[in-house]
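Trainee: Below is one structure. I have some questions about it.
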Amino acid sequence: MDIIIIGSGPAGVSAALYAKRAGADVTVITRGSGALAKAEKIENYYGLAEPVTGAELEANGIAGAKRLGVSFIEDEVVGLAMNDDFTGLVVQTPGRTCEAKAVVLTAGSTRLAPKIPGLKELEGKGVSYCAICDAFFYRQKTVAVLGEGDYALHEAEILLPHASRVMLFTNGKEPTVKIPDTIEVHKDKIIAVEAENTNGMERVSGLRTEDGTVTPAQGLFVALGTAGSVDLARKIGAATDNNRIVVDGEMATNVPGLYAAGDCTGGLLQVVKAAYEGAVAGLAAAKYVRSRK
Amino acid sequence: MEQVKENIVVVTPDNFQAEVLECEKPVLVTFYANWDQPCRMQQPALDSIADRHPEIKVCKLDVEEHAAFAQQFGIMMIPTTIAFKNGKRVKRASGLRLEHVLLSMVE
């Protein structure tokens, strides 16, 4: 594939339109409606004689892109990596792995992590956001993954061959996917990430749940809900700053072939900004693909 | 991170005392692994600091080769960069950081 666009909101669809019209082969991978569909009424966007619902605008956008020949796949992206010779990008979903010359991240802004005491403070000291990057440090250790869906399962499966024990903490939710027996499921709400201090260094030591018990764990991998643009960016080494993906004027990240557009780059959370950035990213990605042929 | 530029010092448990702790300049030590994509992407910022800021010493330590030594610094995430001044740890950043953020650690 030439270009994979992750997300089908105004940024993703605009990127798809511009890249397709620039001659690239474009596939959009989407897990369905995003922030736009929740908007009841849009009346500040160019060209609307009467207000429309966000859902209508989104559906029209997707229909227009399909008319131009853009392919849409409904699936959840759980991983993003470089291929083995660093010439392309690999997008992973629970059921498939697709390789593309360029990827545009337009999967919206990331929800902030839950306010569990210790979670933020212990980042890099046992709390991690990337199993593929940090599994190495948990050889023969007990680790927990915080999450309930495909994304959490994907992270847990990466940890299984390394860790001696992998637990899934759903933080009060029901798992949305079938969890294999090799992964222990805990459904209690976590009220604190506990730490111990050895030789002046703090490290995660366990998870305290609502019933007051502390389950020992040396690591906690955060993978709540679905992987957002920023989560995916972090895994591949794209620079982020305050939960925003850092991009240049062409919406390019620091990773060759990886672009980002829309809410995930920060600034105005508006359709007009997402559409503009998507257009720029789509054109830049198409230009990048042409340069690699 | 396979190719190490001349002005980036590869540190090991053997030369850590001399290169980092006894260095008169502020030192940035990035703990990394060759196979890790975020570590690879951290490299350009380290190269740039090494090129443009001779007043700062830029070092790298391979966490896979020196796992036990890295453990002494509590490294659980890569890349992690620790700033040292006069032999003391002053700042620590876990995860990939932009050049200006790394520079601010030794200000």
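Note on naming: chains are A, B, ... as they come in the structure tokens, residues start from 1 per chain, ligands start from 1 in the order shown.
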May I ask you to extract the residues of chain B within 7 Å of chain A, using only C-alpha atoms, and to give them as a PyMOL selection string?

Mentor: chain B and resi 36-38+41+74+76-78+94+96-98

Trainee: Those selected residues, please, written with N, CA and C atoms and delivered as a PDB file, in the first residue's frame.

Mentor:
ATOM      1  N   ASP B  36      15.410  -0.510  19.579  1.00  0.00           N
ATOM      2  CA  ASP B  36      14.202   0.228  19.965  1.00  0.00           C
ATOM      3  C   ASP B  36      13.991   1.452  19.074  1.00  0.00           C
ATOM      4  N   GLN B  37      12.814   1.497  18.464  1.00  0.00           N
ATOM      5  CA  GLN B  37      12.537   2.575  17.518  1.00  0.00           C
ATOM      6  C   GLN B  37      12.556   3.974  18.172  1.00  0.00           C
ATOM      7  N   PRO B  38      11.890   4.175  19.322  1.00  0.00           N
ATOM      8  CA  PRO B  38      11.995   5.503  19.943  1.00  0.00           C
ATOM      9  C   PRO B  38      13.453   5.889  20.250  1.00  0.00           C
ATOM     10  N   MET B  41      14.978   7.206  17.141  1.00  0.00           N
ATOM     11  CA  MET B  41      14.472   8.524  16.805  1.00  0.00           C
ATOM     12  C   MET B  41      14.977   9.606  17.769  1.00  0.00           C
ATOM     13  N   GLY B  74      17.875   2.556  37.983  1.00  0.00           N
ATOM     14  CA  GLY B  74      16.423   2.371  37.973  1.00  0.00           C
ATOM     15  C   GLY B  74      15.811   2.543  36.601  1.00  0.00           C
ATOM     16  N   MET B  76      13.782   1.730  33.597  1.00  0.00           N
ATOM     17  CA  MET B  76      12.680   0.805  33.297  1.00  0.00           C
ATOM     18  C   MET B  76      11.998   1.190  31.995  1.00  0.00           C
ATOM     19  N   MET B  77      12.518   2.199  31.320  1.00  0.00           N
ATOM     20  CA  MET B  77      11.898   2.680  30.087  1.00  0.00           C
ATOM     21  C   MET B  77      13.019   3.236  29.216  1.00  0.00           C
ATOM     22  N   ILE B  78      12.928   2.982  27.900  1.00  0.00           N
ATOM     23  CA  ILE B  78      13.942   3.556  27.014  1.00  0.00           C
ATOM     24  C   ILE B  78      13.286   4.356  25.893  1.00  0.00           C
ATOM     25  N   SER B  94      12.111  10.267  31.112  1.00  0.00           N
ATOM     26  CA  SER B  94      11.836   8.953  30.547  1.00  0.00           C
ATOM     27  C   SER B  94      11.019   9.115  29.280  1.00  0.00           C
ATOM     28  N   LEU B  96      11.173   9.567  24.722  1.00  0.00           N
ATOM     29  CA  LEU B  96      11.830  10.431  23.736  1.00  0.00           C
ATOM     30  C   LEU B  96      11.555  11.890  24.063  1.00  0.00           C
ATOM     31  N   ARG B  97      12.590  12.706  23.999  1.00  0.00           N
ATOM     32  CA  ARG B  97      12.421  14.135  24.283  1.00  0.00           C
ATOM     33  C   ARG B  97      12.965  14.986  23.135  1.00  0.00           C
ATOM     34  N   LEU B  98      12.341  16.146  22.960  1.00  0.00           N
ATOM     35  CA  LEU B  98      12.817  17.095  21.955  1.00  0.00           C
ATOM     36  C   LEU B  98      14.142  17.697  22.424  1.00  0.00           C
TER      37      LEU B  98
END

Trainee: Identify, with DSSP run on backbone atoms, the residues in segment 1-106 of chain B assigned to strand (DSSP E), and express the list as a PyMOL selection string.

Mentor: chain B and resi 8-10+27-32+57-62+80-85+88-94

Trainee: Identify, on the basis of only C-alpha atoms, every residue whose closest approach to segment 150-166 of chain A does not exceed 12 Å; exclude the query and any residue fewer than 4 positions from it along the same chain; express the result as a PyMOL selection string.

Mentor: chain A and resi 31+75-80+92-95+128-146+170+175-186+216-228+231-232+235

Trainee: Any chance you can output those residues with C-alpha atoms as a PDB file, in the first residue's frame?

Mentor:
ATOM      1  CA  ARG A  31     -12.860   2.163  14.223  1.00  0.00           C
ATOM      2  CA  ASP A  75     -10.758  -2.136  12.324  1.00  0.00           C
ATOM      3  CA  GLU A  76      -8.903  -1.026  15.420  1.00  0.00           C
ATOM      4  CA  VAL A  77      -5.236  -0.113  15.146  1.00  0.00           C
ATOM      5  CA  VAL A  78      -3.301  -1.503  18.111  1.00  0.00           C
ATOM      6  CA  GLY A  79       0.288  -1.086  16.959  1.00  0.00           C
ATOM      7  CA  LEU A  80       2.521   1.004  14.712  1.00  0.00           C
ATOM      8  CA  GLN A  92      -1.152  -3.666  13.237  1.00  0.00           C
ATOM      9  CA  THR A  93      -4.786  -4.455  13.992  1.00  0.00           C
ATOM     10  CA  PRO A  94      -5.971  -7.470  16.016  1.00  0.00           C
ATOM     11  CA  GLY A  95      -6.468  -9.476  12.833  1.00  0.00           C
ATOM     12  CA  SER A 128       5.020   2.444  30.845  1.00  0.00           C
ATOM     13  CA  TYR A 129       2.979   3.238  27.745  1.00  0.00           C
ATOM     14  CA  CYS A 130       4.752   0.953  25.275  1.00  0.00           C
ATOM     15  CA  ALA A 131       5.105  -2.810  25.738  1.00  0.00           C
ATOM     16  CA  ILE A 132       7.265  -3.332  22.647  1.00  0.00           C
ATOM     17  CA  CYS A 133       9.741  -0.677  23.882  1.00  0.00           C
ATOM     18  CA  ASP A 134       9.988  -1.668  27.525  1.00  0.00           C
ATOM     19  CA  ALA A 135       9.076  -5.390  27.819  1.00  0.00           C
ATOM     20  CA  PHE A 136      12.822  -6.069  27.986  1.00  0.00           C
ATOM     21  CA  PHE A 137      12.988  -4.626  31.519  1.00  0.00           C
ATOM     22  CA  TYR A 138      10.374  -7.040  32.859  1.00  0.00           C
ATOM     23  CA  ARG A 139      12.025 -10.405  32.155  1.00  0.00           C
ATOM     24  CA  GLN A 140      10.798 -12.886  34.761  1.00  0.00           C
ATOM     25  CA  LYS A 141       8.827 -10.170  36.542  1.00  0.00           C
ATOM     26  CA  THR A 142       5.153  -9.729  37.340  1.00  0.00           C
ATOM     27  CA  VAL A 143       3.463  -7.075  35.245  1.00  0.00           C
ATOM     28  CA  ALA A 144      -0.011  -5.631  34.899  1.00  0.00           C
ATOM     29  CA  VAL A 145      -1.696  -4.071  31.885  1.00  0.00           C
ATOM     30  CA  LEU A 146      -4.341  -1.427  32.558  1.00  0.00           C
ATOM     31  CA  THR A 170      -9.763  -3.534  33.748  1.00  0.00           C
ATOM     32  CA  PRO A 175     -13.291  -6.924  29.154  1.00  0.00           C
ATOM     33  CA  THR A 176     -14.560  -6.182  25.632  1.00  0.00           C
ATOM     34  CA  VAL A 177     -12.548  -9.039  24.088  1.00  0.00           C
ATOM     35  CA  LYS A 178     -11.890 -12.650  25.014  1.00  0.00           C
ATOM     36  CA  ILE A 179      -8.834 -12.814  27.252  1.00  0.00           C
ATOM     37  CA  PRO A 180      -6.770 -16.041  26.995  1.00  0.00           C
ATOM     38  CA  ASP A 181      -6.228 -18.095  30.155  1.00  0.00           C
ATOM     39  CA  THR A 182      -2.536 -17.178  30.239  1.00  0.00           C
ATOM     40  CA  ILE A 183      -3.514 -13.655  31.303  1.00  0.00           C
ATOM     41  CA  GLU A 184      -5.107 -13.169  34.729  1.00  0.00           C
ATOM     42  CA  VAL A 185      -8.021 -10.756  34.707  1.00  0.00           C
ATOM     43  CA  HIS A 186      -8.681  -8.439  37.663  1.00  0.00           C
ATOM     44  CA  PRO A 216       2.321  -7.149  43.794  1.00  0.00           C
ATOM     45  CA  ALA A 217       3.530  -6.062  40.319  1.00  0.00           C
ATOM     46  CA  GLN A 218       6.816  -4.582  39.151  1.00  0.00           C
ATOM     47  CA  GLY A 219       5.366  -2.952  36.059  1.00  0.00           C
ATOM     48  CA  LEU A 220       2.157  -1.333  34.875  1.00  0.00           C
ATOM     49  CA  PHE A 221       1.495  -0.826  31.149  1.00  0.00           C
ATOM     50  CA  VAL A 222      -1.284   1.656  30.401  1.00  0.00           C
ATOM     51  CA  ALA A 223      -3.497   0.625  27.455  1.00  0.00           C
ATOM     52  CA  LEU A 224      -6.994   1.853  28.244  1.00  0.00           C
ATOM     53  CA  GLY A 225      -9.733   1.796  25.614  1.00  0.00           C
ATOM     54  CA  THR A 226      -8.352   2.098  22.105  1.00  0.00           C
ATOM     55  CA  ALA A 227      -4.869   3.291  21.160  1.00  0.00           C
ATOM     56  CA  GLY A 228      -5.023   7.009  20.414  1.00  0.00           C
ATOM     57  CA  ASP A 231      -0.122   6.290  21.960  1.00  0.00           C
ATOM     58  CA  LEU A 232       0.720   5.059  18.455  1.00  0.00           C
ATOM     59  CA  LYS A 235       5.535   3.484  20.029  1.00  0.00           C
TER      60      LYS A 235
END

Trainee: What parts of chain B does DSSP call alpha helix (DSSP H)? I'd like the answer as a PyMOL selection string.

Mentor: chain B and resi 16+37-52+67-71+99-104

Trainee: Extract, using only C-alpha atoms, all DNA, RNA and protein residues at most 7 Å from segment 274-288 of chain A, discarding same-chain residues fewer than 3 positions from it, and format them as a PyMOL selection string.

Mentor: chain A and resi 10-12+14-16+18-19+22+24+102+104+250-251+257+259-263+270-271+291-292

Trainee: Quick one: distance from atom CA of Thr97 of chain A to atom CA of Cys264 of chain A in Å, one decimal?

Mentor: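 Distance reported for this atom pair: 23.1 Å.
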
Trainee: Please list as a ChimeraX atom specification every residue within 9 Å of segment 27-32 of chain B, counting only C-alpha atoms and excluding residues in the same chain fewer than 4 positions away.

Mentor: /B:1,11,19-21,23,36,39-40,46,56-64,70,75,77-87,102-103,105-106

Trainee: Write to file, as a compact mmCIF listing (two decimals), in the first residue's frame, the residues of the selection just made, with C-alpha atoms.

Mentor:
# COMPACT_ATOMS: atom_id res chain seq x y z
CA MET B 1 21.60 4.19 17.09
CA VAL B 11 29.85 4.91 28.29
CA GLU B 19 33.53 10.13 31.69
CA VAL B 20 30.39 11.09 33.61
CA LEU B 21 30.89 11.46 37.34
CA CYS B 23 33.41 15.36 34.13
CA ASP B 36 14.20 0.23 19.96
CA CYS B 39 15.72 5.24 20.84
CA ARG B 40 16.64 5.46 17.16
CA LEU B 46 21.59 13.94 20.67
CA ILE B 56 27.76 19.78 27.23
CA LYS B 57 29.05 16.22 27.10
CA VAL B 58 26.64 13.80 25.41
CA CYS B 59 26.91 10.12 26.34
CA LYS B 60 25.05 6.92 25.55
CA LEU B 61 24.77 3.71 27.53
CA ASP B 62 23.49 0.45 26.03
CA VAL B 63 20.96 -1.03 28.50
CA GLU B 64 21.07 -4.46 26.91
CA ALA B 70 21.41 0.30 34.07
CA ILE B 75 16.04 2.39 34.18
CA MET B 77 11.90 2.68 30.09
CA ILE B 78 13.94 3.56 27.01
CA PRO B 79 15.11 6.01 26.01
CA THR B 80 15.73 7.52 29.45
CA THR B 81 18.07 10.48 29.70
CA ILE B 82 19.71 11.50 32.97
CA ALA B 83 21.49 14.83 33.40
CA PHE B 84 24.58 14.93 35.64
CA LYS B 85 26.33 17.96 37.08
CA ASN B 86 29.49 17.58 39.16
CA GLY B 87 28.87 13.86 39.49
CA LEU B 102 17.07 17.79 26.76
CA LEU B 103 19.01 21.06 26.77
CA MET B 105 17.84 19.53 31.74
CA VAL B 106 21.41 20.83 32.02

Trainee: Please, what distance in Å, to one decimal, runs between atom CA of Leu17 of chain A and atom CA of Gly69 of chain A?

Mentor: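 The value is 9.1 Å.
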
Trainee: Could you tell me how far atom CA of Glu210 of chain A sits from atom CA of Pro117 of chain A, in Å to one decimal place?

Mentor: 12.9 Å
